[in-house]
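As provided, upload.pdb (PDB, C-alpha atoms) reads as follows.
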ATOM      1  CA  MET A   1    -135.924 -55.452  -1.572  1.00  0.00           C
ATOM      2  CA  TYR A   2    -136.983 -52.988  -4.226  1.00  0.00           C
ATOM      3  CA  ILE A   3    -139.855 -50.532  -3.957  1.00  0.00           C
ATOM      4  CA  PHE A   4    -141.084 -48.633  -6.967  1.00  0.00           C
ATOM      5  CA  ASN A   5    -143.525 -45.810  -6.305  1.00  0.00           C
ATOM      6  CA  GLU A   6    -146.143 -44.315  -8.584  1.00  0.00           C
ATOM      7  CA  ASN A   7    -145.601 -46.263 -11.755  1.00  0.00           C
ATOM      8  CA  ILE A   8    -148.093 -45.358 -14.467  1.00  0.00           C
ATOM      9  CA  ILE A   9    -149.581 -47.675 -17.056  1.00  0.00           C
ATOM     10  CA  ILE A  10    -151.409 -46.021 -19.945  1.00  0.00           C
ATOM     11  CA  ILE A  11    -154.223 -47.813 -21.766  1.00  0.00           C
ATOM     12  CA  GLY A  12    -155.932 -45.766 -24.458  1.00  0.00           C
ATOM     13  CA  ASN A  13    -157.183 -42.597 -22.823  1.00  0.00           C
ATOM     14  CA  SER A  14    -156.834 -44.028 -19.325  1.00  0.00           C
ATOM     15  CA  CYS A  15    -153.888 -44.232 -16.993  1.00  0.00           C
ATOM     16  CA  ILE A  16    -153.540 -46.368 -13.881  1.00  0.00           C
ATOM     17  CA  LYS A  17    -151.042 -45.664 -11.117  1.00  0.00           C
ATOM     18  CA  TYR A  18    -149.553 -48.557  -9.227  1.00  0.00           C
ATOM     19  CA  ASN A  19    -146.873 -49.343  -6.673  1.00  0.00           C
ATOM     20  CA  ILE A  20    -144.871 -52.504  -6.403  1.00  0.00           C
ATOM     21  CA  VAL A  21    -142.799 -54.187  -3.694  1.00  0.00           C
ATOM     22  CA  ILE A  22    -140.387 -56.892  -4.806  1.00  0.00           C
ATOM     23  CA  PRO A  23    -138.654 -59.115  -2.229  1.00  0.00           C
ATOM     24  CA  LYS A  24    -135.131 -60.455  -2.653  1.00  0.00           C
ATOM     25  CA  LYS A  25    -136.523 -63.849  -3.601  1.00  0.00           C
ATOM     26  CA  VAL A  26    -139.702 -63.775  -5.684  1.00  0.00           C
ATOM     27  CA  LEU A  27    -141.809 -66.913  -5.778  1.00  0.00           C
ATOM     28  CA  TYR A  28    -145.244 -65.363  -6.257  1.00  0.00           C
ATOM     29  CA  THR A  29    -147.030 -62.160  -7.222  1.00  0.00           C
ATOM     30  CA  VAL A  30    -150.247 -60.828  -5.754  1.00  0.00           C
ATOM     31  CA  TYR A  31    -152.248 -58.041  -7.360  1.00  0.00           C
ATOM     32  CA  TRP A  32    -153.762 -56.236  -4.399  1.00  0.00           C
ATOM     33  CA  LEU A  33    -156.967 -54.236  -4.832  1.00  0.00           C
ATOM     34  CA  HIS A  34    -157.649 -51.328  -2.493  1.00  0.00           C
ATOM     35  CA  GLY A  35    -160.848 -50.544  -0.611  1.00  0.00           C
ATOM     36  CA  TYR A  36    -163.333 -47.696  -0.989  1.00  0.00           C
ATOM     37  CA  ASN A  37    -161.610 -44.287  -0.906  1.00  0.00           C
ATOM     38  CA  GLY A  38    -158.284 -46.112  -1.054  1.00  0.00           C
ATOM     39  CA  ASN A  39    -155.463 -45.991  -3.585  1.00  0.00           C
ATOM     40  CA  CYS A  40    -152.136 -47.594  -4.429  1.00  0.00           C
ATOM     41  CA  PHE A  41    -150.675 -46.337  -1.127  1.00  0.00           C
ATOM     42  CA  GLU A  42    -153.390 -47.814   1.126  1.00  0.00           C
ATOM     43  CA  PHE A  43    -151.521 -51.032   1.907  1.00  0.00           C
ATOM     44  CA  TYR A  44    -148.265 -49.138   2.564  1.00  0.00           C
ATOM     45  CA  GLU A  45    -149.944 -46.732   4.964  1.00  0.00           C
ATOM     46  CA  ASN A  46    -151.663 -49.391   7.057  1.00  0.00           C
ATOM     47  CA  TYR A  47    -149.313 -52.370   7.139  1.00  0.00           C
ATOM     48  CA  ASP A  48    -145.635 -53.293   7.050  1.00  0.00           C
ATOM     49  CA  ILE A  49    -145.883 -54.353   3.434  1.00  0.00           C
ATOM     50  CA  LYS A  50    -142.104 -54.700   2.992  1.00  0.00           C
ATOM     51  CA  GLU A  51    -141.782 -57.228   5.812  1.00  0.00           C
ATOM     52  CA  LEU A  52    -144.825 -59.105   4.546  1.00  0.00           C
ATOM     53  CA  SER A  53    -143.421 -59.315   1.021  1.00  0.00           C
ATOM     54  CA  GLU A  54    -140.060 -60.569   2.256  1.00  0.00           C
ATOM     55  CA  LYS A  55    -141.588 -63.053   4.715  1.00  0.00           C
ATOM     56  CA  TYR A  56    -143.675 -64.834   2.075  1.00  0.00           C
ATOM     57  CA  SER A  57    -141.518 -64.181  -1.025  1.00  0.00           C
ATOM     58  CA  ILE A  58    -144.440 -62.415  -2.688  1.00  0.00           C
ATOM     59  CA  ALA A  59    -144.155 -59.397  -4.951  1.00  0.00           C
ATOM     60  CA  ILE A  60    -147.083 -57.074  -4.167  1.00  0.00           C
ATOM     61  CA  VAL A  61    -148.587 -54.877  -6.889  1.00  0.00           C
ATOM     62  CA  THR A  62    -151.082 -52.231  -5.736  1.00  0.00           C
ATOM     63  CA  PRO A  63    -152.994 -50.319  -8.449  1.00  0.00           C
ATOM     64  CA  SER A  64    -155.247 -47.273  -7.967  1.00  0.00           C
ATOM     65  CA  VAL A  65    -158.567 -47.530  -9.793  1.00  0.00           C
ATOM     66  CA  GLY A  66    -161.009 -45.278  -7.897  1.00  0.00           C
ATOM     67  CA  ASN A  67    -164.325 -45.944  -6.149  1.00  0.00           C
ATOM     68  CA  ASN A  68    -165.952 -48.070  -8.822  1.00  0.00           C
ATOM     69  CA  TYR A  69    -166.157 -51.546  -7.264  1.00  0.00           C
ATOM     70  CA  TYR A  70    -163.926 -52.718 -10.129  1.00  0.00           C
ATOM     71  CA  ILE A  71    -166.867 -52.607 -12.534  1.00  0.00           C
ATOM     72  CA  ASP A  72    -166.240 -52.173 -16.278  1.00  0.00           C
ATOM     73  CA  LYS A  73    -168.033 -49.078 -17.597  1.00  0.00           C
ATOM     74  CA  ASP A  74    -167.759 -46.121 -19.971  1.00  0.00           C
ATOM     75  CA  ASN A  75    -165.491 -48.061 -22.334  1.00  0.00           C
ATOM     76  CA  ILE A  76    -162.985 -48.598 -19.503  1.00  0.00           C
ATOM     77  CA  CYS A  77    -162.499 -52.306 -18.891  1.00  0.00           C
ATOM     78  CA  ILE A  78    -161.005 -52.235 -15.415  1.00  0.00           C
ATOM     79  CA  SER A  79    -161.005 -56.012 -15.059  1.00  0.00           C
ATOM     80  CA  LYS A  80    -158.955 -56.393 -18.234  1.00  0.00           C
ATOM     81  CA  ILE A  81    -156.609 -53.568 -17.259  1.00  0.00           C
ATOM     82  CA  VAL A  82    -155.832 -55.340 -13.980  1.00  0.00           C
ATOM     83  CA  SER A  83    -155.725 -58.918 -15.267  1.00  0.00           C
ATOM     84  CA  LYS A  84    -154.085 -58.301 -18.640  1.00  0.00           C
ATOM     85  CA  ASN A  85    -152.361 -54.933 -19.031  1.00  0.00           C
ATOM     86  CA  LEU A  86    -151.057 -54.627 -15.480  1.00  0.00           C
ATOM     87  CA  VAL A  87    -150.052 -58.280 -15.219  1.00  0.00           C
ATOM     88  CA  ASP A  88    -148.254 -58.196 -18.576  1.00  0.00           C
ATOM     89  CA  GLU A  89    -146.442 -54.933 -17.795  1.00  0.00           C
ATOM     90  CA  THR A  90    -145.210 -55.953 -14.359  1.00  0.00           C
ATOM     91  CA  ARG A  91    -144.136 -59.392 -15.522  1.00  0.00           C
ATOM     92  CA  TYR A  92    -142.131 -57.872 -18.383  1.00  0.00           C
ATOM     93  CA  LYS A  93    -140.745 -54.851 -16.542  1.00  0.00           C
ATOM     94  CA  TYR A  94    -139.789 -56.583 -13.290  1.00  0.00           C
ATOM     95  CA  ASP A  95    -139.333 -60.180 -14.419  1.00  0.00           C
ATOM     96  CA  LEU A  96    -142.061 -61.512 -12.136  1.00  0.00           C
ATOM     97  CA  PRO A  97    -143.292 -65.141 -12.168  1.00  0.00           C
ATOM     98  CA  ASN A  98    -145.347 -65.670 -15.318  1.00  0.00           C
ATOM     99  CA  LYS A  99    -147.353 -68.753 -14.438  1.00  0.00           C
ATOM    100  CA  ARG A 100    -150.952 -68.894 -13.269  1.00  0.00           C
ATOM    101  CA  GLU A 101    -150.086 -70.951 -10.200  1.00  0.00           C
ATOM    102  CA  ASN A 102    -147.729 -68.194  -8.999  1.00  0.00           C
ATOM    103  CA  THR A 103    -150.086 -65.292  -9.713  1.00  0.00           C
ATOM    104  CA  PHE A 104    -152.792 -64.255  -7.259  1.00  0.00           C
ATOM    105  CA  ILE A 105    -155.395 -61.542  -6.776  1.00  0.00           C
ATOM    106  CA  SER A 106    -156.529 -60.222  -3.427  1.00  0.00           C
ATOM    107  CA  GLY A 107    -158.006 -57.173  -1.744  1.00  0.00           C
ATOM    108  CA  VAL A 108    -159.790 -55.766   1.252  1.00  0.00           C
ATOM    109  CA  SER A 109    -163.399 -54.509   1.517  1.00  0.00           C
ATOM    110  CA  MET A 110    -164.289 -53.081  -1.924  1.00  0.00           C
ATOM    111  CA  GLY A 111    -161.047 -54.674  -3.097  1.00  0.00           C
ATOM    112  CA  GLY A 112    -162.281 -58.023  -1.782  1.00  0.00           C
ATOM    113  CA  TYR A 113    -165.379 -57.600  -3.942  1.00  0.00           C
ATOM    114  CA  GLY A 114    -163.132 -56.817  -6.903  1.00  0.00           C
ATOM    115  CA  ALA A 115    -160.770 -59.718  -6.225  1.00  0.00           C
ATOM    116  CA  LEU A 116    -163.538 -62.313  -6.388  1.00  0.00           C
ATOM    117  CA  LEU A 117    -165.086 -60.609  -9.412  1.00  0.00           C
ATOM    118  CA  ILE A 118    -161.920 -60.198 -11.480  1.00  0.00           C
ATOM    119  CA  GLY A 119    -160.316 -63.428 -10.270  1.00  0.00           C
ATOM    120  CA  SER A 120    -163.404 -65.344 -11.371  1.00  0.00           C
ATOM    121  CA  LYS A 121    -163.741 -63.587 -14.733  1.00  0.00           C
ATOM    122  CA  TYR A 122    -160.054 -64.054 -15.525  1.00  0.00           C
ATOM    123  CA  ALA A 123    -159.533 -67.418 -13.918  1.00  0.00           C
ATOM    124  CA  SER A 124    -156.932 -68.378 -16.526  1.00  0.00           C
ATOM    125  CA  VAL A 125    -154.630 -65.654 -15.152  1.00  0.00           C
ATOM    126  CA  PHE A 126    -154.922 -66.108 -11.386  1.00  0.00           C
ATOM    127  CA  GLY A 127    -154.148 -69.281  -9.474  1.00  0.00           C
ATOM    128  CA  LYS A 128    -155.701 -68.103  -6.193  1.00  0.00           C
ATOM    129  CA  ILE A 129    -158.248 -65.527  -5.041  1.00  0.00           C
ATOM    130  CA  ALA A 130    -158.276 -64.014  -1.552  1.00  0.00           C
ATOM    131  CA  SER A 131    -161.005 -61.687  -0.345  1.00  0.00           C
ATOM    132  CA  ILE A 132    -160.556 -59.981   3.022  1.00  0.00           C
ATOM    133  CA  SER A 133    -163.741 -58.577   4.580  1.00  0.00           C
ATOM    134  CA  GLY A 134    -165.206 -58.297   1.102  1.00  0.00           C
ATOM    135  CA  SER A 135    -167.857 -55.644   0.614  1.00  0.00           C
ATOM    136  CA  PHE A 136    -170.448 -58.032  -0.815  1.00  0.00           C
ATOM    137  CA  ILE A 137    -173.409 -55.633  -0.799  1.00  0.00           C
ATOM    138  CA  VAL A 138    -175.384 -56.704  -3.876  1.00  0.00           C
ATOM    139  CA  ASP A 139    -178.310 -58.071  -1.837  1.00  0.00           C
ATOM    140  CA  ASP A 140    -178.333 -54.919   0.296  1.00  0.00           C
ATOM    141  CA  ILE A 141    -178.587 -52.716  -2.773  1.00  0.00           C
ATOM    142  CA  LEU A 142    -181.387 -54.790  -4.256  1.00  0.00           C
ATOM    143  CA  ILE A 143    -183.552 -54.644  -1.121  1.00  0.00           C
ATOM    144  CA  GLY A 144    -182.598 -51.089  -0.202  1.00  0.00           C
ATOM    145  CA  ASN A 145    -180.986 -52.040   3.109  1.00  0.00           C
ATOM    146  CA  PRO A 146    -180.491 -48.738   4.998  1.00  0.00           C
ATOM    147  CA  GLU A 147    -177.169 -50.025   6.367  1.00  0.00           C
ATOM    148  CA  VAL A 148    -175.885 -49.571   2.814  1.00  0.00           C
ATOM    149  CA  VAL A 149    -178.403 -47.625   0.734  1.00  0.00           C
ATOM    150  CA  GLY A 150    -178.655 -44.167   2.187  1.00  0.00           C
ATOM    151  CA  TYR A 151    -175.583 -44.553   4.377  1.00  0.00           C
ATOM    152  CA  ASN A 152    -173.078 -41.740   3.868  1.00  0.00           C
ATOM    153  CA  ASN A 153    -175.327 -40.281   1.133  1.00  0.00           C
ATOM    154  CA  CYS A 154    -175.009 -43.429  -0.985  1.00  0.00           C
ATOM    155  CA  GLY A 155    -178.527 -43.725  -2.418  1.00  0.00           C
ATOM    156  CA  PHE A 156    -179.851 -45.694  -5.375  1.00  0.00           C
ATOM    157  CA  SER A 157    -178.639 -43.024  -7.819  1.00  0.00           C
ATOM    158  CA  TYR A 158    -175.133 -43.439  -6.452  1.00  0.00           C
ATOM    159  CA  PHE A 159    -175.164 -47.208  -6.929  1.00  0.00           C
ATOM    160  CA  SER A 160    -176.840 -46.870 -10.325  1.00  0.00           C
ATOM    161  CA  ASP A 161    -173.945 -44.691 -11.392  1.00  0.00           C
ATOM    162  CA  ILE A 162    -171.489 -47.410 -10.349  1.00  0.00           C
ATOM    163  CA  PHE A 163    -173.341 -50.578 -11.348  1.00  0.00           C
ATOM    164  CA  GLY A 164    -175.610 -49.330 -14.131  1.00  0.00           C
ATOM    165  CA  ASP A 165    -179.062 -50.899 -14.392  1.00  0.00           C
ATOM    166  CA  LEU A 166    -179.641 -52.329 -10.909  1.00  0.00           C
ATOM    167  CA  SER A 167    -182.274 -54.724 -12.238  1.00  0.00           C
ATOM    168  CA  GLU A 168    -179.450 -56.632 -13.937  1.00  0.00           C
ATOM    169  CA  LEU A 169    -177.125 -56.708 -10.935  1.00  0.00           C
ATOM    170  CA  GLU A 170    -178.376 -59.886  -9.277  1.00  0.00           C
ATOM    171  CA  PHE A 171    -177.547 -62.129 -12.253  1.00  0.00           C
ATOM    172  CA  SER A 172    -174.692 -60.232 -13.923  1.00  0.00           C
ATOM    173  CA  TYR A 173    -171.375 -62.095 -13.985  1.00  0.00           C
ATOM    174  CA  ASN A 174    -169.722 -58.873 -15.154  1.00  0.00           C
ATOM    175  CA  LYS A 175    -170.802 -57.004 -12.002  1.00  0.00           C
ATOM    176  CA  ASN A 176    -171.753 -59.544  -9.353  1.00  0.00           C
ATOM    177  CA  PRO A 177    -168.771 -61.535  -7.999  1.00  0.00           C
ATOM    178  CA  LEU A 178    -170.926 -64.440  -6.818  1.00  0.00           C
ATOM    179  CA  CYS A 179    -172.374 -64.877 -10.317  1.00  0.00           C
ATOM    180  CA  ALA A 180    -168.902 -64.575 -11.827  1.00  0.00           C
ATOM    181  CA  ALA A 181    -167.555 -67.211  -9.435  1.00  0.00           C
ATOM    182  CA  ILE A 182    -170.399 -69.659 -10.099  1.00  0.00           C
ATOM    183  CA  LYS A 183    -170.020 -69.220 -13.866  1.00  0.00           C
ATOM    184  CA  SER A 184    -166.284 -69.856 -13.610  1.00  0.00           C
ATOM    185  CA  LEU A 185    -166.923 -72.845 -11.380  1.00  0.00           C
ATOM    186  CA  LYS A 186    -169.352 -74.396 -13.869  1.00  0.00           C
ATOM    187  CA  GLU A 187    -166.695 -73.959 -16.544  1.00  0.00           C
ATOM    188  CA  HIS A 188    -164.233 -75.782 -14.236  1.00  0.00           C
ATOM    189  CA  LYS A 189    -161.974 -72.733 -14.047  1.00  0.00           C
ATOM    190  CA  LEU A 190    -162.536 -71.145 -10.635  1.00  0.00           C
ATOM    191  CA  PRO A 191    -159.299 -70.823  -8.632  1.00  0.00           C
ATOM    192  CA  ASN A 192    -159.157 -71.769  -4.975  1.00  0.00           C
ATOM    193  CA  VAL A 193    -160.714 -69.054  -2.838  1.00  0.00           C
ATOM    194  CA  PHE A 194    -159.820 -67.666   0.578  1.00  0.00           C
ATOM    195  CA  LEU A 195    -162.504 -65.665   2.403  1.00  0.00           C
ATOM    196  CA  SER A 196    -161.865 -64.012   5.747  1.00  0.00           C
ATOM    197  CA  CYS A 197    -163.906 -61.647   7.902  1.00  0.00           C
ATOM    198  CA  GLY A 198    -164.035 -60.522  11.521  1.00  0.00           C
ATOM    199  CA  LYS A 199    -167.043 -61.630  13.526  1.00  0.00           C
ATOM    200  CA  GLU A 200    -167.656 -58.052  14.697  1.00  0.00           C
ATOM    201  CA  ASP A 201    -167.338 -56.717  11.148  1.00  0.00           C
ATOM    202  CA  ILE A 202    -170.556 -55.244   9.712  1.00  0.00           C
ATOM    203  CA  LEU A 203    -169.824 -57.347   6.624  1.00  0.00           C
ATOM    204  CA  PHE A 204    -169.456 -60.662   8.469  1.00  0.00           C
ATOM    205  CA  LYS A 205    -172.887 -62.117   7.637  1.00  0.00           C
ATOM    206  CA  ARG A 206    -172.477 -61.071   4.011  1.00  0.00           C
ATOM    207  CA  ASN A 207    -169.130 -62.875   3.739  1.00  0.00           C
ATOM    208  CA  GLU A 208    -170.505 -65.908   5.564  1.00  0.00           C
ATOM    209  CA  LYS A 209    -173.354 -66.039   3.041  1.00  0.00           C
ATOM    210  CA  ILE A 210    -170.962 -65.864   0.083  1.00  0.00           C
ATOM    211  CA  ASN A 211    -168.923 -68.683   1.602  1.00  0.00           C
ATOM    212  CA  LYS A 212    -171.987 -70.916   2.070  1.00  0.00           C
ATOM    213  CA  LYS A 213    -173.215 -70.298  -1.465  1.00  0.00           C
ATOM    214  CA  LEU A 214    -169.824 -71.047  -3.002  1.00  0.00           C
ATOM    215  CA  ILE A 215    -169.436 -74.220  -0.929  1.00  0.00           C
ATOM    216  CA  MET A 216    -172.946 -75.296  -1.957  1.00  0.00           C
ATOM    217  CA  GLU A 217    -171.933 -74.873  -5.604  1.00  0.00           C
ATOM    218  CA  GLY A 218    -168.862 -77.041  -5.052  1.00  0.00           C
ATOM    219  CA  ALA A 219    -166.135 -74.389  -4.892  1.00  0.00           C
ATOM    220  CA  ASN A 220    -162.857 -74.990  -3.058  1.00  0.00           C
ATOM    221  CA  VAL A 221    -163.080 -72.305  -0.372  1.00  0.00           C
ATOM    222  CA  LYS A 222    -161.018 -71.699   2.743  1.00  0.00           C
ATOM    223  CA  TRP A 223    -163.279 -69.782   5.156  1.00  0.00           C
ATOM    224  CA  TYR A 224    -161.428 -67.955   7.904  1.00  0.00           C
ATOM    225  CA  PRO A 225    -163.756 -66.261  10.404  1.00  0.00           C
ATOM    226  CA  HIS A 226    -161.944 -64.538  13.259  1.00  0.00           C
ATOM    227  CA  ASN A 227    -162.379 -61.958  15.977  1.00  0.00           C
ATOM    228  CA  GLY A 228    -162.357 -58.285  15.029  1.00  0.00           C
ATOM    229  CA  GLY A 229    -164.107 -55.559  13.101  1.00  0.00           C
ATOM    230  CA  HIS A 230    -163.720 -53.743   9.811  1.00  0.00           C
ATOM    231  CA  ASN A 231    -160.332 -52.104  10.240  1.00  0.00           C
ATOM    232  CA  TRP A 232    -156.733 -52.714   9.312  1.00  0.00           C
ATOM    233  CA  ARG A 233    -155.810 -53.744  12.842  1.00  0.00           C
ATOM    234  CA  ASP A 234    -158.197 -56.700  12.573  1.00  0.00           C
ATOM    235  CA  PHE A 235    -157.926 -57.688   8.903  1.00  0.00           C
ATOM    236  CA  ALA A 236    -156.413 -61.165   8.529  1.00  0.00           C
ATOM    237  CA  ILE A 237    -153.513 -60.013   6.362  1.00  0.00           C
ATOM    238  CA  ASP A 238    -150.860 -62.420   7.615  1.00  0.00           C
ATOM    239  CA  GLU A 239    -153.216 -65.410   7.441  1.00  0.00           C
ATOM    240  CA  THR A 240    -154.117 -64.421   3.890  1.00  0.00           C
ATOM    241  CA  PHE A 241    -150.502 -64.291   2.745  1.00  0.00           C
ATOM    242  CA  LYS A 242    -149.731 -67.524   4.560  1.00  0.00           C
ATOM    243  CA  TRP A 243    -152.508 -69.202   2.563  1.00  0.00           C
ATOM    244  CA  LEU A 244    -151.480 -67.590  -0.720  1.00  0.00           C
ATOM    245  CA  SER A 245    -147.887 -68.797  -0.374  1.00  0.00           C
ATOM    246  CA  SER A 246    -148.814 -72.311   0.719  1.00  0.00           C
ATOM    247  CA  ASN A 247    -148.936 -75.327  -1.562  1.00  0.00           C
ATOM    248  CA  THR A 248    -152.102 -76.624   0.044  1.00  0.00           C
ATOM    249  CA  HIS A 249    -155.499 -76.460  -1.633  1.00  0.00           C
ATOM    250  CA  ASP A 250    -157.635 -75.778   1.416  1.00  0.00           C
TER
END

Once more with this new file: its structure as structure tokens, please.
Amino acid sequence: MYIFNENIIIIGNSCIKYNIVIPKKVLYTVYWLHGYNGNCFEFYENYDIKELSEKYSIAIVTPSVGNNYYIDKDNICISKIVSKNLVDETRYKYDLPNKRENTFISGVSMGGYGALLIGSKYASVFGKIASISGSFIVDDILIGNPEVVGYNNCGFSYFSDIFGDLSELEFSYNKNPLCAAIKSLKEHKLPNVFLSCGKEDILFKRNEKINKKLIMEGANVKWYPHNGGHNWRDFAIDETFKWLSSNTHD
């Protein structure tokens, strides 16, 4: 088992920190996206990531990208940095599996939003997408749902700063993960998707809605509802990694 802390990848004027855990036997790699206010240490601080990596023979790469919902903006293409620059660097530097079917993207909360978005946009890179309690709040932003808009001082100006013109958000495959997934699906590229959420999680109905829409469009989705709320104790981490490392397509 090898753990490398605070690696830095430099792209133009930007730099991205990331950590990586590599098990003794590497069969797969998952690029794990952190939640809101998280960073490359989030997974380490909340879960036994070393045991998880060893158990499922999965190298785990955890980048820090900030509180931007993994949206490309200001000439910084976060989705490309994750799916191209980071994937290429870690494959070369640590001799990780270099095939699509062994390369996955996953994340929790905001990272779940980013996993479906980036995994759909760069479907040629990732063989599976797993979103855990994904923060799918596009509809909430559009209708001004007070559970989201206004909560913790996050008003429309805050979301406009992240997403840009909110009038474009509903149908933007560069910002809306559902649109990105449907576009990828119509191009016959969308990887298999795993969606999980606790039934007491404030985001449960939002994840359930995403699941129903993807199924209706013909996507191959494994929906895993379970007991629990929006916290690391209840997130379905082990079930997610079990699915990622399986050879099944459901």

Sphere at (-169.7, -59.5, 6.4), radius 8 Å, counting all atoms listed in the file: residues as a list of chain:residue names: A:Ser133, A:Gly134, A:Ser135, A:Phe136, A:Cys197, A:Gly198, A:Lys199, A:Asp201, A:Ile202, A:Leu203, A:Phe204, A:Lys205, A:Arg206, A:Asn207, A:Glu208

Nearest residue to A:Asn247 from the set A:Ala180, A:Val138, A:Leu27, A:Leu52 (distances using all atoms listed in the file): A:Leu27

I need the residue nearest A:Ser160 from this list: A:Cys77, A:Val221, A:Ile8, A:Leu142. Use all atoms listed in the file for the distance.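 Selected residue with least distance to A:Ser160: A:Leu142.
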
What do you get, as a ChimeraX atom specification, if you spell out every residue that the PyMOL selection byres ((chain A and resi 96-108) around 8) selects here? /A:26-35,59,90-92,94-95,109-116,119,124-134,244

In Å, how far is it from atom CA of A:Val65 to atom CA of A:Val82?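 So the answer is 9.3 Å.
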
Which value, in Å to one decimal, gives the distance between atom CA of A:Asn39 and atom CA of A:Ser64?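 Straight-line distance from atom CA of A:Asn39 to atom CA of A:Ser64 works out to 4.6 Å.
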
Give me, as an MDAnalysis selection string, all polymer residues having an atom no more than 10 Å from A:Asn220, counting all atoms listed in the file and skipping those fewer than 6 positions away in the same chain. chainID A and resid 185 190:194 211 214 249:250

Mind pulling up the distance from atom CA of A:Gly38 to atom CA of A:Asn67? 7.9 Å

Of the candidates A:Phe163, A:Val21, A:Ser157, A:Pro146, which shows the shortest atom-to-atom distance to A:Asp74, using all atoms listed in the file?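 Answer, going by the shortest atom-to-atom distance: A:Phe163.
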
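Between A:Tyr122 and the candidates A:Phe241, A:Phe235, A:Tyr173, A:Tyr158, the tightest atom-to-atom separation, counting all atoms listed in the file, involves A:Tyr173.
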
With all atoms listed in the file as the counted atoms, please give the residues lying no more than 12 Å from A:Asp140, apart from itself and same-chain residues fewer than 3 positions off, as a list in words. Ser135, Phe136, Ile137, Ile143, Gly144, Asn145, Pro146, Glu147, Val148, Val149, Gly150, Tyr151, Gly155, Phe156, Phe159, Leu166, Leu169, Glu170, Leu203, Lys205 and Arg206 of chain A

Output C-alpha atoms of each residue in that selection to a file, as an mmCIF file, keeping the file's coordinate frame.
data_model
loop_
_atom_site.group_PDB
_atom_site.id
_atom_site.type_symbol
_atom_site.label_atom_id
_atom_site.label_comp_id
_atom_site.auth_asym_id
_atom_site.auth_seq_id
_atom_site.Cartn_x
_atom_site.Cartn_y
_atom_site.Cartn_z
ATOM 1 C CA SER A 135 -167.857 -55.644 0.614
ATOM 2 C CA PHE A 136 -170.448 -58.032 -0.815
ATOM 3 C CA ILE A 137 -173.409 -55.633 -0.799
ATOM 4 C CA ILE A 143 -183.552 -54.644 -1.121
ATOM 5 C CA GLY A 144 -182.598 -51.089 -0.202
ATOM 6 C CA ASN A 145 -180.986 -52.040 3.109
ATOM 7 C CA PRO A 146 -180.491 -48.738 4.998
ATOM 8 C CA GLU A 147 -177.169 -50.025 6.367
ATOM 9 C CA VAL A 148 -175.885 -49.571 2.814
ATOM 10 C CA VAL A 149 -178.403 -47.625 0.734
ATOM 11 C CA GLY A 150 -178.655 -44.167 2.187
ATOM 12 C CA TYR A 151 -175.583 -44.553 4.377
ATOM 13 C CA GLY A 155 -178.527 -43.725 -2.418
ATOM 14 C CA PHE A 156 -179.851 -45.694 -5.375
ATOM 15 C CA PHE A 159 -175.164 -47.208 -6.929
ATOM 16 C CA LEU A 166 -179.641 -52.329 -10.909
ATOM 17 C CA LEU A 169 -177.125 -56.708 -10.935
ATOM 18 C CA GLU A 170 -178.376 -59.886 -9.277
ATOM 19 C CA LEU A 203 -169.824 -57.347 6.624
ATOM 20 C CA LYS A 205 -172.887 -62.117 7.637
ATOM 21 C CA ARG A 206 -172.477 -61.071 4.011
#

6 Å per side around stretch 134-150 of chain A: axis-aligned box centre and edge lengths, as JSON:
{"center_x": -174.4, "center_y": -51.2, "center_z": 1.1, "size_x": 30.3, "size_y": 26.1, "size_z": 22.6}

Which residue out of A:Pro63, A:Trp243, A:Met216, A:Ala181 has the minimum interatomic distance to A:Ile16 when all atoms listed in the file are used? A:Pro63

Pick from A:Leu178, A:Glu45, A:Tyr36, A:Asn85: nearest to A:Trp232, with only C-alpha atoms counted?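 Among A:Leu178, A:Glu45, A:Tyr36, A:Asn85, it is A:Glu45 that comes nearest to A:Trp232.
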